[in-house]
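Structure record follows, encoded as structure tokens.
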Amino acid sequence: MKPVIAIACLALSCAHGPLEKGGATVVRLPRGQADAAFEARRFALVVGIPRAADARWRALQFAEKDVADLSRVLRDPLGGNYQSVTTLTAPEQTTKAALLEAVGALGRQADRADDIVVLYVSAHGTLARDGRGELGRYVVTSDADFSKPSQTALPLEALQRAFAELPSKRRVLVLATCHSGGGKSLLSDEVQRELASLKGPVHPLEEASRAAMVLSASDFGEPAREDEGLQNDVYTHFLVEALSGPGDRNGDGAVTATEAHDFARRKTWAFSSGRQRPSAELLEVGADPIVLAGHFDKVGRPELFSYAARLDGFALKVDGEERTELPGGAAVTPGRHVVELTKGADLLLRQDVSLEVGQRFDVESLLERAEPNVAVSMLAGGFAFVDERSRAEVLPGGPNVGASVRVDRLGGSRFSLQVDASGFGGQTALPLGGGAPVPFTWASVQAGAAVAFEWRWSVVSFFLGPRVAGLWVQRSFSLQAFSGTQAAFSVMPGVWLGSAVHLGPRWELSLNVQPMLTVLTVDGVMRPMGFVGGWAAVGYRL
């Protein structure tokens with residue numbers, strides 16, 4: 001539609017007159033027509049697999065009804081209003097190969113980056129060892145063999161990979177399955193014995209996906225259930241309810257994927273008396289939420305939310321009242337609020353937050369603000385000129401000790417500033433002039449500053465950015481033929497490469513490397529030289 005509008009406007013402007021090749025012409029469109037042209041399209045593939053050809057997979061009662069109920073609300077002009085909703089329930093439509101082909105066909109339909117794409121699967125799930133001996137999760141397709149699930153069922157990793165390859169950047173994968181051996185799952189005796197012997201939850205390596213959102217009806221190790229009273233998969237029942245309107249948490253007219261999941265998660269948790277807790281992997285969530293139903297027709301109330309794994313299980317309190325358990329979110333009134341994160345009797349943080357209408361506030365940022373962001377470190381390492389000639393004629397490699405101060409999250413950003421100073425001295429000898437080694441004493445001091453971008457993964461931070469430093473080198477000779485001191489100073493541009501392992505909230509261990517370029521005058525001749533320094537450090541965070 002965008003190209004159509006652009007071509008029409010171009011044609012009208014070029015037709016302004018016989019002697020004119022340009023000129024702007026105002027094109028008046030009916031109210032709402034332009035908005036409709038640029039509104040994201042919505043597509044859904046809704047799959048129910050009630051039974052497999054192998055009768056040892058017990059039939060599911062409500063998989064087909066799950067598909068019908070969800071499809072109805074997605075097609076509803078007052079609900080999802082999806083351009084296309086494809087449903088698959090027949091055995092020939094739900095084989096391993098057919099399901100992957102249907103995902104590919106969905107990608108050919110939803111071929112724009114801003115398209116909203118939903119893939120829903122209501123089926124049995126199972127666990128099995130693959131050909132490499134790794135424990136994997138599988139969706140039981142209609143052609144799955146109970147005795148050979150890793151060869152015949154659909155690996156969840158393969159489904160996620162195919163879905164992640166779609167052109168759309170707004171993708172939601174909803175898995176109304178489980179892999180725990182209870183509820184909508186059935187495991188071989190061998191796998192059940194293995195799981196029973198393991199302590200703690202088992203998370204296969206492929207559980208993370210590149211899909212924008214993966215919503216699961218249960219957490220790993222918990223069963224997903226069907227219910228006779230609801231006549232549905234439990235999570236699906238409440239997901240459909242959320243998309244019908246009640247899931248609009250902040251009252252802006254739209255139900256986003258996170259709002260729908262949070263609503264269904266809380267309802268499922270309460271309905272199952274805590275035995276089933278739906279989970280979410282939100283890996284590419286940005287400022288533009290994925291709208292599953294409705295439209296933004298007004299500015300909503302501000303929201304507090306977090307889907308960070310390290311905050312799972314914490315209670316979010318606002319003005320002393322518990323609003324939700326994380327992961328999840330809550331809508332509040334505009335204005336200033338006291339926000340707390342607690343777990344049992346333990347208080348993680350308490351901060352005042354001012355919120356505006358329509359604002360979405362990630363409470364994990366409060367935790368980042370509360371964390372110490374200044375690291376003072378004592379360092380020890382070494383330095384050397386890169387080329388052999390400089391090491392032979394100027395100074396061999398040597399040790400250095402010093403201190404550094406690093407300030408993280410400058411102005412709330414992902415950038416860090418580090419200032420460091422180090423030096424050392426000693427005695428050594430060089431074969432100057434090709435003769436016998438000439439002894440001398442030396443001293444060096446370097447001081448530098450660097451700004452780097454920080455990537456953080458769990459308790460490890462990585463730093464990369466430009467650095468500039470000053471290098472002062474002095475050599476003192478005491479020989480019969482010559483007695484004196486030589487000194488040189490140079491300003492060196494370079495790069496800071498660093499990492500830090502956070503040992504709790506205060507202590508850290510870090511490694512730093514600085515490749516630099518310097519110019520020194522040697523025997524009256526200025527020479528460019530490569531210079532590299534590095535150190536290990538123990539730091540305390542303030």
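Starting from 1 in every chain, residues are counted up; chains themselves are A, B, ... following the order of the structure tokens, and ligands are numbered from 1 as listed.
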
Q.
I need the helix (DSSP H, G or I) residues of range 337-484 of chain A per DSSP on the backbone, written as a list of chain:residue names.
A.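 Those in range 337-484 of chain A that DSSP calls helix (DSSP H, G or I) are A:Glu364, A:Ser365, A:Leu366, A:Leu367, A:Glu368, A:Arg369, A:Ala370, A:Glu388, A:Arg389, A:Ser390, A:Arg391, A:Ala392, A:Glu393, A:Leu410, A:Gly411, A:Gly412, A:Leu432, A:Gly433, A:Gly434.
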
Q: May I have the residues within 12 Å of Arg108 in chain A as a list in words, using only C-alpha atoms and disregarding those fewer than 4 positions away in the same chain?
A: Phe43, Glu101, Ala102, Val103, Gly104, Arg112, Ala113, Asp115, Val117, Phe163, Glu165, Leu166, Pro167 and Ser168 of chain A

**Q.** Exercise: range 366-375 of chain A partners within 6 Å, only C-alpha atoms, chain neighbours under 5 positions left out, as a list in words
**A.** Val405, Arg406, Val407, Asp408, Gly539, Tyr540, Arg541 and Leu542 of chain A

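The space between CA of Gln486 in chain A and CA of Phe531 in chain A spans 19.1 Å.
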
Q.
If we count only C-alpha atoms and set the cut-off at 7 Å, which residues sit around range 467-471 of chain A, ignoring sequence neighbours fewer than 2 positions away in its own chain? Please answer as a ChimeraX atom specification.
A. /A:445-451,465,473,489-496

Q. Got a sec: who's within 6 Å of range 293-297 of chain A, counting only C-alpha atoms, leaving out chain neighbours fewer than 5 positions off, as a PyMOL selection string?
A. chain A and resi 79-80+243+252-255

Please produce a file of those selected residues containing C-alpha atoms, as an mmCIF file, in the first residue's frame.
```cif
data_model
loop_
_atom_site.group_PDB
_atom_site.id
_atom_site.type_symbol
_atom_site.label_atom_id
_atom_site.label_comp_id
_atom_site.auth_asym_id
_atom_site.auth_seq_id
_atom_site.Cartn_x
_atom_site.Cartn_y
_atom_site.Cartn_z
ATOM 1 C CA GLY A 79 -10.862 -8.158 18.632
ATOM 2 C CA GLY A 80 -7.776 -9.202 16.714
ATOM 3 C CA LEU A 243 -7.639 -11.017 23.880
ATOM 4 C CA ASP A 252 -5.277 2.191 25.848
ATOM 5 C CA GLY A 253 -7.593 0.068 23.683
ATOM 6 C CA ALA A 254 -4.975 -2.516 22.643
ATOM 7 C CA VAL A 255 -3.964 -5.862 24.140
#
```

Q: List every residue of range 220-457 of chain A that DSSP, applied to the backbone, labels as strand (DSSP E), and write the result as a PyMOL selection string.
A: chain A and resi 226-227+232-233+254-256+279-282+291-294+303-306+315-318+321-325+328-331+335-343+346-355+360-362+374-385+398-407+415-430+438-457

Q: Compare A:Arg409, A:Arg56, A:Arg225, A:Arg171 by their minimum atom-to-atom distance to Gln276 in chain A, counting only C-alpha atoms, and give me the closest one.
A: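 Comparing A:Arg409, A:Arg56, A:Arg225, A:Arg171 against Gln276 in chain A, the winner is A:Arg225.
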
Q.
Just want the 9 Å neighbourhood of Leu159 in chain A, counted on only C-alpha atoms, with same-chain residues fewer than 2 positions away dropped. Output as a PyMOL selection string.
A. chain A and resi 99-100+103+139+154-157+161-164

Q. In Å to one decimal, how far is CA of Asp130 in chain A from CA of Gly48 in chain A?
A.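 Between these atoms lies a distance of 24.7 Å.
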
Q) With only C-alpha atoms as the basis for distance, which of A:Thr126, A:Thr141, A:Ser71, A:Ser510 is at the shortest distance from Ala97 in chain A? A)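 Of the candidates, the smallest distance to Ala97 in chain A is held by A:Thr141.
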
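For the set A:Leu326, A:Gln474, A:Glu241, A:Val118, the residue with the smallest atom-to-atom gap to Ile290 in chain A is A:Val118, counting only C-alpha atoms.
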